[in-house]
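The structure file query36.cif is reproduced below (mmCIF, C-alpha atoms).
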```cif
data_protein
loop_
_atom_site.label_atom_id
_atom_site.label_comp_id
_atom_site.auth_asym_id
_atom_site.auth_seq_id
_atom_site.Cartn_x
_atom_site.Cartn_y
_atom_site.Cartn_z
CA MET D 1 2.07 -13.87 24.03
CA ASN D 2 2.11 -10.33 25.38
CA SER D 3 -0.64 -8.31 23.70
CA ILE D 4 0.86 -4.99 24.78
CA ASP D 5 4.15 -5.88 23.07
CA VAL D 6 2.33 -7.09 19.96
CA LEU D 7 0.46 -3.77 19.71
CA ARG D 8 3.65 -1.78 20.31
CA TYR D 9 5.65 -3.73 17.72
CA GLY D 10 2.89 -3.33 15.16
CA HIS D 11 2.80 0.42 15.76
CA GLN D 12 6.60 0.61 15.54
CA THR D 13 6.46 -1.14 12.17
CA VAL D 14 4.03 1.48 10.84
CA LEU D 15 6.15 4.31 12.28
CA GLN D 16 9.24 2.99 10.52
CA SER D 17 7.38 2.58 7.23
CA VAL D 18 6.43 6.27 7.03
CA GLU D 19 9.51 7.79 8.65
CA GLY D 20 10.86 10.56 6.44
CA LEU D 21 8.20 10.13 3.77
CA PRO D 22 7.85 13.52 2.01
CA ASP D 23 4.45 15.18 2.30
CA PRO D 24 3.49 14.86 -1.40
CA ASP D 25 4.22 11.13 -1.34
CA TRP D 26 1.62 10.64 1.41
CA LEU D 27 -1.08 11.69 -1.05
CA THR D 28 -0.07 9.93 -4.27
CA PRO D 29 -2.35 7.00 -5.13
CA GLY D 30 -0.80 3.60 -5.72
CA ALA D 31 0.59 2.55 -2.37
CA CYS D 32 -2.15 -0.10 -2.06
CA GLY D 33 -4.32 -0.25 -5.16
CA VAL D 34 -5.77 3.24 -5.53
CA TRP D 35 -5.01 4.09 -1.91
CA SER D 36 -2.28 6.55 -0.97
CA VAL D 37 -0.18 6.22 2.18
CA LYS D 38 -2.62 8.64 3.85
CA ASP D 39 -5.45 6.27 2.90
CA ILE D 40 -3.57 3.29 4.33
CA ILE D 41 -3.06 5.14 7.59
CA ALA D 42 -6.76 6.14 7.59
CA HIS D 43 -7.59 2.46 7.10
CA LEU D 44 -5.31 1.42 9.96
CA ALA D 45 -6.75 4.20 12.15
CA SER D 46 -10.24 2.83 11.59
CA PHE D 47 -9.08 -0.61 12.71
CA GLU D 48 -7.49 0.88 15.83
CA VAL D 49 -10.80 2.59 16.63
CA VAL D 50 -12.53 -0.79 16.28
CA LEU D 51 -10.07 -2.38 18.69
CA ALA D 52 -10.41 0.48 21.17
CA GLU D 53 -14.19 0.10 21.14
CA LEU D 54 -13.90 -3.66 21.56
CA LEU D 55 -11.48 -3.34 24.47
CA GLU D 56 -13.65 -0.69 26.14
CA SER D 57 -16.65 -2.97 25.83
CA LEU D 58 -14.70 -5.84 27.42
CA SER D 59 -13.22 -3.83 30.26
CA LEU D 60 -16.28 -1.87 31.39
CA VAL D 61 -19.24 -3.19 33.35
CA ASP D 62 -21.68 -0.85 31.63
CA GLU D 63 -22.49 -1.29 27.98
CA VAL D 64 -20.73 1.26 25.78
CA PRO D 65 -21.59 2.27 22.23
CA THR D 66 -19.43 0.57 19.61
CA PRO D 67 -20.41 2.10 16.25
CA ALA D 68 -17.13 1.35 14.45
CA LEU D 69 -17.02 -2.20 15.80
CA ASP D 70 -20.64 -2.69 14.74
CA ARG D 71 -19.84 -1.50 11.20
CA PHE D 72 -16.77 -3.75 11.11
CA ILE D 73 -18.75 -6.82 12.15
CA SER D 74 -21.76 -6.16 9.92
CA ASP D 75 -19.86 -5.37 6.69
CA ASN D 76 -16.17 -6.18 6.94
CA VAL D 77 -15.59 -5.68 3.21
CA GLY D 78 -17.50 -2.40 2.88
CA PHE D 79 -16.04 -1.17 6.16
CA ASN D 80 -12.65 -0.46 4.57
CA ASP D 81 -13.83 1.89 1.84
CA LEU D 82 -16.44 3.51 4.06
CA GLU D 83 -13.88 4.38 6.74
CA VAL D 84 -11.18 5.57 4.33
CA ASN D 85 -13.71 7.70 2.44
CA ALA D 86 -14.92 9.21 5.72
CA ARG D 87 -11.37 10.51 6.30
CA GLN D 88 -10.74 11.90 2.80
CA ALA D 89 -11.26 15.54 3.80
CA LEU D 90 -8.81 15.26 6.70
CA SER D 91 -5.20 16.33 6.32
CA ARG D 92 -2.51 13.69 6.46
CA GLU D 93 -1.49 15.14 9.82
CA ALA D 94 -5.02 14.73 11.18
CA VAL D 95 -5.23 11.14 9.92
CA TRP D 96 -1.85 10.35 11.46
CA ALA D 97 -2.88 11.96 14.76
CA GLU D 98 -6.06 9.87 14.86
CA TYR D 99 -4.07 6.72 14.16
CA GLU D 100 -1.54 7.48 16.90
CA ARG D 101 -4.20 8.43 19.47
CA ALA D 102 -6.09 5.21 18.78
CA CYS D 103 -2.90 3.11 18.98
CA HIS D 104 -1.98 4.56 22.36
CA LYS D 105 -5.53 4.07 23.56
CA THR D 106 -5.56 0.39 22.57
CA ILE D 107 -2.25 -0.18 24.36
CA ASP D 108 -3.66 1.43 27.50
CA LEU D 109 -6.93 -0.50 27.26
CA ILE D 110 -5.43 -3.95 26.64
CA ALA D 111 -3.59 -3.60 29.95
CA GLU D 112 -6.99 -3.52 31.66
CA VAL D 113 -8.16 -6.82 30.16
CA PRO D 114 -7.02 -9.80 32.26
CA VAL D 115 -4.74 -12.22 30.41
CA ALA D 116 -7.17 -15.09 31.06
CA GLN D 117 -9.89 -13.09 29.31
CA GLN D 118 -7.54 -12.32 26.40
CA ARG D 119 -6.96 -16.06 25.97
CA GLN D 120 -10.57 -17.21 26.20
CA ASN D 121 -11.52 -19.00 22.99
CA GLY D 122 -14.88 -17.98 21.60
CA ALA D 123 -15.01 -14.63 23.40
CA LEU D 124 -15.46 -12.97 20.00
CA PRO D 125 -18.03 -15.26 18.37
CA TRP D 126 -18.23 -13.09 15.24
CA TYR D 127 -14.50 -13.69 14.72
CA GLY D 128 -14.63 -17.45 15.26
CA MET D 129 -15.26 -19.69 18.23
CA GLU D 130 -11.79 -21.26 17.98
CA TYR D 131 -10.04 -17.88 18.36
CA ASP D 132 -9.34 -15.62 21.31
CA LEU D 133 -8.64 -11.89 21.67
CA GLU D 134 -4.89 -12.45 21.37
CA ASP D 135 -5.42 -14.19 18.03
CA PHE D 136 -7.57 -11.30 16.85
CA ILE D 137 -4.87 -8.81 17.83
CA VAL D 138 -2.06 -10.76 16.16
CA TYR D 139 -3.85 -11.46 12.89
CA THR D 140 -6.05 -8.40 12.48
CA PHE D 141 -3.65 -5.80 13.84
CA TYR D 142 -0.03 -6.92 13.91
CA GLY D 143 -0.15 -8.95 10.70
CA HIS D 144 -2.30 -6.31 9.05
CA LYS D 145 0.19 -3.55 9.91
CA ARG D 146 3.11 -5.65 8.66
CA GLU D 147 1.30 -6.19 5.36
CA HIS D 148 0.58 -2.48 4.85
CA ALA D 149 4.08 -1.47 5.99
CA ALA D 150 5.51 -3.78 3.30
CA GLN D 151 3.24 -2.13 0.72
CA ILE D 152 4.46 1.30 1.82
CA ALA D 153 8.08 0.12 1.57
CA PHE D 154 7.47 -1.17 -1.97
CA TYR D 155 5.71 2.08 -2.88
CA ARG D 156 8.69 4.06 -1.59
CA ASP D 157 10.98 1.97 -3.81
CA VAL D 158 8.75 2.72 -6.79
CA LEU D 159 8.89 6.44 -6.03
CA ARG D 160 12.71 6.30 -5.99
CA SER D 161 12.67 5.08 -9.59
CA PRO D 162 12.00 8.02 -11.92
CA GLU D 163 10.56 5.78 -14.64
CA LEU D 164 8.27 3.81 -12.36
CA SER D 165 7.25 6.90 -10.43
CA ALA D 166 6.29 8.79 -13.59
CA ALA D 167 4.36 5.81 -14.92
CA MET D 168 2.50 5.37 -11.65
CA ARG D 169 1.60 9.05 -11.38
CA ALA D 170 0.41 9.09 -14.99
CA ALA D 171 -1.71 5.99 -14.44
CA TYR D 172 -3.54 7.52 -11.49
CA GLN D 173 -3.94 10.97 -13.04
CA GLY D 174 -5.43 9.75 -16.28
#
```

Show me, as structure tokens, the structure contained in the file I just sent.
Amino acid sequence: MNSIDVLRYGHQTVLQSVEGLPDPDWLTPGACGVWSVKDIIAHLASFEVVLAELLESLSLVDEVPTPALDRFISDNVGFNDLEVNARQALSREAVWAEYERACHKTIDLIAEVPVAQQRQNGALPWYGMEYDLEDFIVYTFYGHKREHAAQIAFYRDVLRSPELSAAMRAAYQG
């Protein structure tokens, strides 16, 4: 497996899912539960920050702070809402910019981690001793992005239907 390609393909999937999405549709709840597309991208951005911190910690000799990674490991369930809520005041453009910056950073950083290290089972004990970094990237990033891209695609289909769109907007406004 080529981790750089996996990260690029995952990012391309997200890019395609939001391409041409009108500004108001980024903010309408319902793309994933109560989350809007902006919230999904904020969620994915937080995961990219986690991966960037992890890769920095693996590629540097000196210990580096990993606050997002620490939050992710200590409370994986609460992490999602905490991180999305922390980005609520940001514009959709700012959230997208953070996501893109973090994606590019992870692609640059993974290139610095030797393939043998990427394939070392148990290197991420909090993830599972039978897994390696490549597994973590495929399941937690690529698969995760594919899942949310499919939700965005479904949401876009709903928005194209006047009846479904009106019902969804009414449900989240009331």

- Task: For the structure provided, state which residues fall under the PyMOL selection byres ((chain D and resi 115) around 10), and present them as a VMD selection string.
- Result: chain D and resid 1 to 3 110 to 114 116 to 120 133 to 134

- Message: Give me the residues near region 86-99 of chain D as JSON, numbers by chain, where near means some atom within 8 Å (using all atoms listed in the file) and where sequence neighbours in that chain fewer than 4 positions away do not count.
- Response: {"D": [26, 27, 38, 39, 41, 42, 44, 45, 46, 48, 82, 103]}

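When only C-alpha atoms are used to measure the gap to Leu124 (chain D), the shortest distance among D:Tyr139, D:Asn80, D:Asp108, D:Leu58 belongs to D:Leu58.
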
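With CA of Ala167 (chain D) on one side and CA of Leu21 (chain D) on the other, the separation reads 19.6 Å.
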
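Nearest-residue note for His104 (chain D): choosing from D:Met168, D:Leu51, D:Ile73, D:Val84, the minimum distance belongs to D:Leu51, counting all atoms listed in the file.
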
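Using all atoms listed in the file, the nearest neighbour of Val18 (chain D) within the list D:Ile40, D:Leu69, D:Val77, D:Val6 is D:Ile40.
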
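Atom to atom, CA of Asp23 (chain D) and CA of Asp157 (chain D) stand 16.0 Å apart.
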
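The space separating CA of Thr140 (chain D) from CA of His43 (chain D) comes to 12.2 Å.
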
- Which residue of D:Ile137, D:Tyr142, D:Tyr9, D:Val50 approaches Pro67 (chain D) most closely, using all atoms listed in the file: D:Val50
